[in-house]
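**Q** Sharing coords-v3.pdb here; it has PDB, C-alpha atoms.
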ATOM      1  CA  MET A  50     -27.681   4.304  40.947  1.00  0.00           C
ATOM      2  CA  GLU A  51     -30.510   6.851  40.920  1.00  0.00           C
ATOM      3  CA  ALA A  52     -30.500   7.133  44.715  1.00  0.00           C
ATOM      4  CA  GLN A  53     -26.756   7.884  44.657  1.00  0.00           C
ATOM      5  CA  TRP A  54     -27.326  10.624  42.050  1.00  0.00           C
ATOM      6  CA  GLY A  55     -30.112  12.073  44.200  1.00  0.00           C
ATOM      7  CA  PHE A  56     -27.863  12.210  47.277  1.00  0.00           C
ATOM      8  CA  ASN A  57     -25.056  13.804  45.280  1.00  0.00           C
ATOM      9  CA  ALA A  58     -27.432  16.428  43.889  1.00  0.00           C
ATOM     10  CA  LEU A  59     -28.842  17.110  47.362  1.00  0.00           C
ATOM     11  CA  SER A  60     -25.342  17.373  48.801  1.00  0.00           C
ATOM     12  CA  LYS A  61     -24.294  19.837  46.085  1.00  0.00           C
ATOM     13  CA  PHE A  62     -27.486  21.862  46.628  1.00  0.00           C
ATOM     14  CA  ILE A  63     -26.812  22.092  50.382  1.00  0.00           C
ATOM     15  CA  GLN A  64     -23.188  23.120  49.742  1.00  0.00           C
ATOM     16  CA  VAL A  65     -24.271  25.878  47.358  1.00  0.00           C
ATOM     17  CA  GLU A  66     -26.958  27.007  49.804  1.00  0.00           C
ATOM     18  CA  ILE A  67     -24.457  27.219  52.679  1.00  0.00           C
ATOM     19  CA  TRP A  68     -21.979  29.165  50.538  1.00  0.00           C
ATOM     20  CA  LEU A  69     -24.707  31.578  49.430  1.00  0.00           C
ATOM     21  CA  PHE A  70     -25.725  32.116  53.038  1.00  0.00           C
ATOM     22  CA  LEU A  71     -22.126  32.755  54.156  1.00  0.00           C
ATOM     23  CA  VAL A  72     -21.411  35.110  51.260  1.00  0.00           C
ATOM     24  CA  GLY A  73     -24.673  36.962  51.928  1.00  0.00           C
ATOM     25  CA  LEU A  74     -23.855  37.234  55.631  1.00  0.00           C
ATOM     26  CA  MET A  75     -20.329  38.519  54.967  1.00  0.00           C
ATOM     27  CA  SER A  76     -21.478  40.995  52.341  1.00  0.00           C
ATOM     28  CA  SER A  77     -24.221  42.355  54.603  1.00  0.00           C
ATOM     29  CA  ILE A  78     -21.691  42.813  57.431  1.00  0.00           C
ATOM     30  CA  PHE A  79     -19.227  44.576  55.111  1.00  0.00           C
ATOM     31  CA  PHE A  80     -22.048  46.729  53.737  1.00  0.00           C
ATOM     32  CA  LEU A  81     -23.086  47.763  57.253  1.00  0.00           C
ATOM     33  CA  ILE A  82     -19.461  48.539  58.147  1.00  0.00           C
ATOM     34  CA  PHE A  83     -19.129  50.603  54.962  1.00  0.00           C
ATOM     35  CA  LYS A  84     -22.370  52.482  55.703  1.00  0.00           C
ATOM     36  CA  LYS A  85     -21.104  53.128  59.265  1.00  0.00           C
ATOM     37  CA  LYS A  86     -24.003  51.240  60.857  1.00  0.00           C
ATOM     38  CA  ILE A  87     -21.437  48.989  62.575  1.00  0.00           C
ATOM     39  CA  ASN A  88     -18.934  51.145  64.414  1.00  0.00           C
ATOM     40  CA  LEU A  89     -15.351  49.852  64.491  1.00  0.00           C
ATOM     41  CA  ARG A  90     -13.883  53.090  65.831  1.00  0.00           C
ATOM     42  CA  GLY A  91     -13.573  51.930  69.456  1.00  0.00           C
ATOM     43  CA  LEU A  92     -12.654  48.321  68.696  1.00  0.00           C
ATOM     44  CA  LEU A  93      -9.214  48.532  70.312  1.00  0.00           C
ATOM     45  CA  TYR A  94     -10.105  50.913  73.126  1.00  0.00           C
ATOM     46  CA  ASP A  95     -11.008  50.063  76.685  1.00  0.00           C
ATOM     47  CA  LYS A  96     -14.708  50.411  77.417  1.00  0.00           C
ATOM     48  CA  THR A  97     -14.248  51.630  80.988  1.00  0.00           C
ATOM     49  CA  GLY A  98     -14.460  55.284  81.908  1.00  0.00           C
ATOM     50  CA  ASN A  99     -10.971  56.293  80.697  1.00  0.00           C
ATOM     51  CA  HIS A 100     -11.326  55.101  77.027  1.00  0.00           C
ATOM     52  CA  LYS A 101      -7.630  54.359  76.554  1.00  0.00           C
ATOM     53  CA  TYR A 102      -5.960  51.921  74.136  1.00  0.00           C
ATOM     54  CA  SER A 103      -6.261  48.281  75.220  1.00  0.00           C
ATOM     55  CA  PRO A 104      -3.372  45.973  74.260  1.00  0.00           C
ATOM     56  CA  GLU A 105      -5.406  43.027  75.548  1.00  0.00           C
ATOM     57  CA  ARG A 106      -8.040  43.630  72.888  1.00  0.00           C
ATOM     58  CA  LEU A 107      -5.337  43.837  70.218  1.00  0.00           C
ATOM     59  CA  GLN A 108      -3.713  40.553  71.236  1.00  0.00           C
ATOM     60  CA  LEU A 109      -7.130  38.851  71.400  1.00  0.00           C
ATOM     61  CA  LEU A 110      -7.967  40.124  67.904  1.00  0.00           C
ATOM     62  CA  ILE A 111      -4.596  39.052  66.473  1.00  0.00           C
ATOM     63  CA  PHE A 112      -4.724  35.566  68.026  1.00  0.00           C
ATOM     64  CA  SER A 113      -8.295  35.068  66.821  1.00  0.00           C
ATOM     65  CA  LEU A 114      -7.461  36.190  63.275  1.00  0.00           C
ATOM     66  CA  ILE A 115      -4.372  33.949  63.152  1.00  0.00           C
ATOM     67  CA  PHE A 116      -6.468  31.004  64.315  1.00  0.00           C
ATOM     68  CA  VAL A 117      -9.215  31.681  61.750  1.00  0.00           C
ATOM     69  CA  VAL A 118      -6.742  32.016  58.870  1.00  0.00           C
ATOM     70  CA  TYR A 119      -4.902  28.835  59.917  1.00  0.00           C
ATOM     71  CA  TYR A 120      -8.138  26.874  60.203  1.00  0.00           C
ATOM     72  CA  LEU A 121      -9.443  28.104  56.839  1.00  0.00           C
ATOM     73  CA  PHE A 122      -6.196  27.024  55.161  1.00  0.00           C
ATOM     74  CA  ASP A 123      -6.503  23.673  56.923  1.00  0.00           C
ATOM     75  CA  VAL A 124     -10.093  23.282  55.673  1.00  0.00           C
ATOM     76  CA  ARG A 125      -8.992  24.140  52.132  1.00  0.00           C
ATOM     77  CA  HIS A 126      -6.134  21.623  52.317  1.00  0.00           C
ATOM     78  CA  ASN A 127      -8.526  18.981  53.631  1.00  0.00           C
ATOM     79  CA  LEU A 128     -10.973  19.635  50.765  1.00  0.00           C
ATOM     80  CA  ASN A 129      -8.202  19.306  48.183  1.00  0.00           C
ATOM     81  CA  LEU A 130      -7.029  16.095  49.834  1.00  0.00           C
ATOM     82  CA  CYS A 131     -10.557  14.666  49.769  1.00  0.00           C
ATOM     83  CA  LYS A 132     -11.012  15.528  46.090  1.00  0.00           C
ATOM     84  CA  THR A 133      -7.729  13.960  45.011  1.00  0.00           C
ATOM     85  CA  SER A 134      -8.043  10.854  47.225  1.00  0.00           C
ATOM     86  CA  ASN A 135     -11.778  10.399  46.550  1.00  0.00           C
ATOM     87  CA  ILE A 136     -12.532   9.929  50.253  1.00  0.00           C
ATOM     88  CA  PRO A 137     -15.383  11.452  52.276  1.00  0.00           C
ATOM     89  CA  CYS A 138     -14.586  14.915  53.593  1.00  0.00           C
ATOM     90  CA  SER A 139     -14.784  16.063  57.180  1.00  0.00           C
ATOM     91  CA  LEU A 140     -13.723  19.120  59.113  1.00  0.00           C
ATOM     92  CA  PRO A 141     -10.084  18.992  60.193  1.00  0.00           C
ATOM     93  CA  ARG A 142      -9.223  18.510  63.841  1.00  0.00           C
ATOM     94  CA  ILE A 143      -8.120  21.582  65.748  1.00  0.00           C
ATOM     95  CA  ARG A 144      -4.608  21.137  67.070  1.00  0.00           C
ATOM     96  CA  THR A 145      -4.228  21.201  70.845  1.00  0.00           C
ATOM     97  CA  GLU A 146      -1.526  23.882  70.645  1.00  0.00           C
ATOM     98  CA  PHE A 147      -3.936  26.274  68.951  1.00  0.00           C
ATOM     99  CA  LEU A 148      -6.635  25.579  71.528  1.00  0.00           C
ATOM    100  CA  PHE A 149      -4.186  26.338  74.342  1.00  0.00           C
ATOM    101  CA  ALA A 150      -2.972  29.510  72.609  1.00  0.00           C
ATOM    102  CA  LEU A 151      -6.519  30.718  71.964  1.00  0.00           C
ATOM    103  CA  GLY A 152      -7.586  29.822  75.501  1.00  0.00           C
ATOM    104  CA  GLY A 153      -4.542  31.602  76.926  1.00  0.00           C
ATOM    105  CA  SER A 154      -5.287  34.664  74.843  1.00  0.00           C
ATOM    106  CA  ASN A 155      -8.878  34.760  76.062  1.00  0.00           C
ATOM    107  CA  PHE A 156      -7.716  34.206  79.661  1.00  0.00           C
ATOM    108  CA  ALA A 157      -5.235  37.097  79.400  1.00  0.00           C
ATOM    109  CA  TYR A 158      -7.982  39.364  78.061  1.00  0.00           C
ATOM    110  CA  LEU A 159     -10.421  38.349  80.805  1.00  0.00           C
ATOM    111  CA  TRP A 160      -7.747  38.710  83.501  1.00  0.00           C
ATOM    112  CA  ALA A 161      -6.895  42.237  82.346  1.00  0.00           C
ATOM    113  CA  LYS A 162     -10.594  43.103  82.130  1.00  0.00           C
ATOM    114  CA  LEU A 163     -11.237  41.780  85.637  1.00  0.00           C
ATOM    115  CA  SER A 164      -8.234  43.606  87.091  1.00  0.00           C
ATOM    116  CA  SER A 165      -9.297  46.891  85.483  1.00  0.00           C
ATOM    117  CA  ILE A 166     -12.832  46.509  86.848  1.00  0.00           C
ATOM    118  CA  LEU A 167     -11.527  45.742  90.333  1.00  0.00           C
ATOM    119  CA  LYS A 168      -9.099  48.669  90.166  1.00  0.00           C
ATOM    120  CA  GLU A 169     -11.931  50.990  89.111  1.00  0.00           C
ATOM    121  CA  ARG A 170     -14.136  49.797  91.985  1.00  0.00           C
ATOM    122  CA  ARG A 171     -11.333  50.289  94.507  1.00  0.00           C
ATOM    123  CA  SER A 172     -10.776  53.833  93.286  1.00  0.00           C
ATOM    124  CA  GLU A 173     -14.515  54.572  93.574  1.00  0.00           C
ATOM    125  CA  ARG A 174     -14.553  53.430  97.218  1.00  0.00           C
ATOM    126  CA  ALA A 175     -11.563  55.551  98.185  1.00  0.00           C
TER
END
Would you give me this structure, written as structure tokens?
**A**
Amino acid sequence: MEAQWGFNALSKFIQVEIWLFLVGLMSSIFFLIFKKKINLRGLLYDKTGNHKYSPERLQLLIFSLIFVVYYLFDVRHNLNLCKTSNIPCSLPRIRTEFLFALGGSNFAYLWAKLSSILKERRSERA
């Protein structure tokens, strides 16, 4: 019985430690954004010489945010299910559709980036 209590206490301690680390990491990132040490001004602009708006970056950001929000809700649902059913918790599986959508989004971004680099190199040669 004492060993079980020790493992439960250790598990709770590790959970609290992980949450403190994540909250500290997020708050330091938000603080640096607020203090303008992390620049978000050019987040949606192309980094090549013309500095124009990049729809590929926007779609990559939107798909990534949708995936993160979906997965966090899935984790929360899984935690609630574990607490009510009194079963061991684990991370939820990532659905194949989301992996394909995220992979397609990254491929579209990389394809557009590659085509813009090749177009820029062709214009430099001419």
**Q** Which residue out of A:Tyr119, A:Glu169, A:Thr133, A:Leu109 has the minimum interatomic distance to Ser154 of chain A when only C-alpha atoms are used?
**A**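 Checking each candidate against Ser154 of chain A, we get A:Leu109 as the closest.
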**Q** Figure out the distance between atom CA of Leu71 of chain A and atom CA of Phe83 of chain A, please, to one decimal in Å.
**A**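 Between atom CA of Phe83 of chain A and atom CA of Leu71 of chain A the gap works out to 18.1 Å.
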**Q** Suppose you want the space between atom CA of Ile136 of chain A and atom CA of Val72 of chain A; what is it in Å?
**A**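 If I compute the distance from atom CA of Ile136 of chain A to atom CA of Val72 of chain A, I get 26.7 Å.
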**Q** Give me the residues of segment 147-172 of chain A that have any atom at most 12 Å from an atom of segment 99-104 of chain A; for each, the nearest atom pair and the distance in Å, rounded to one decimal. Use only C-alpha atoms, sort by chain and number, and format it as a Markdown table.
**A**
| residue | atom | partner | partner_atom | distance |
| --- | --- | --- | --- | --- |
| A:Ser154 | CA | A:Pro104 | CA | 11.5 |
| A:Ala157 | CA | A:Pro104 | CA | 10.4 |
| A:Tyr158 | CA | A:Pro104 | CA | 8.9 |
| A:Ala161 | CA | A:Ser103 | CA | 9.4 |
| A:Lys162 | CA | A:Ser103 | CA | 9.7 |
| A:Ser165 | CA | A:Asn99 | CA | 10.7 |
| A:Ile166 | CA | A:Asn99 | CA | 11.7 |
| A:Glu169 | CA | A:Asn99 | CA | 10.0 |
**Q** What is the atom CA of Arg125 of chain A-atom CA of Leu151 of chain A distance in Å, reported with one decimal?
**A**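 One can read the atom CA of Arg125 of chain A to atom CA of Leu151 of chain A distance as 21.0 Å.
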**Q** Written as number ranges by chain, which residues does the PyMOL selection byres ((chain A and resi 127) around 8) give for the file shown?
**A** A: 123-126, 128-131, 138-141
**Q** Taking all atoms of segment 139-145 of chain A that the file lists and extending 4 Å past them on each side, where is the centre of the axis-aligned box and how long are its edges? Answer in Å to one decimal, as JSON.
**A**
{"center_x": -9.5, "center_y": 18.8, "center_z": 64.0, "size_x": 18.6, "size_y": 13.5, "size_z": 21.7}
**Q** If you count all atoms listed in the file, which residues fall within 12 Å of Ala150 of chain A, apart from same-chain ones fewer than 2 positions away, as a PyMOL selection string?
**A** chain A and resi 108-109+111-113+115-116+143-148+152-157
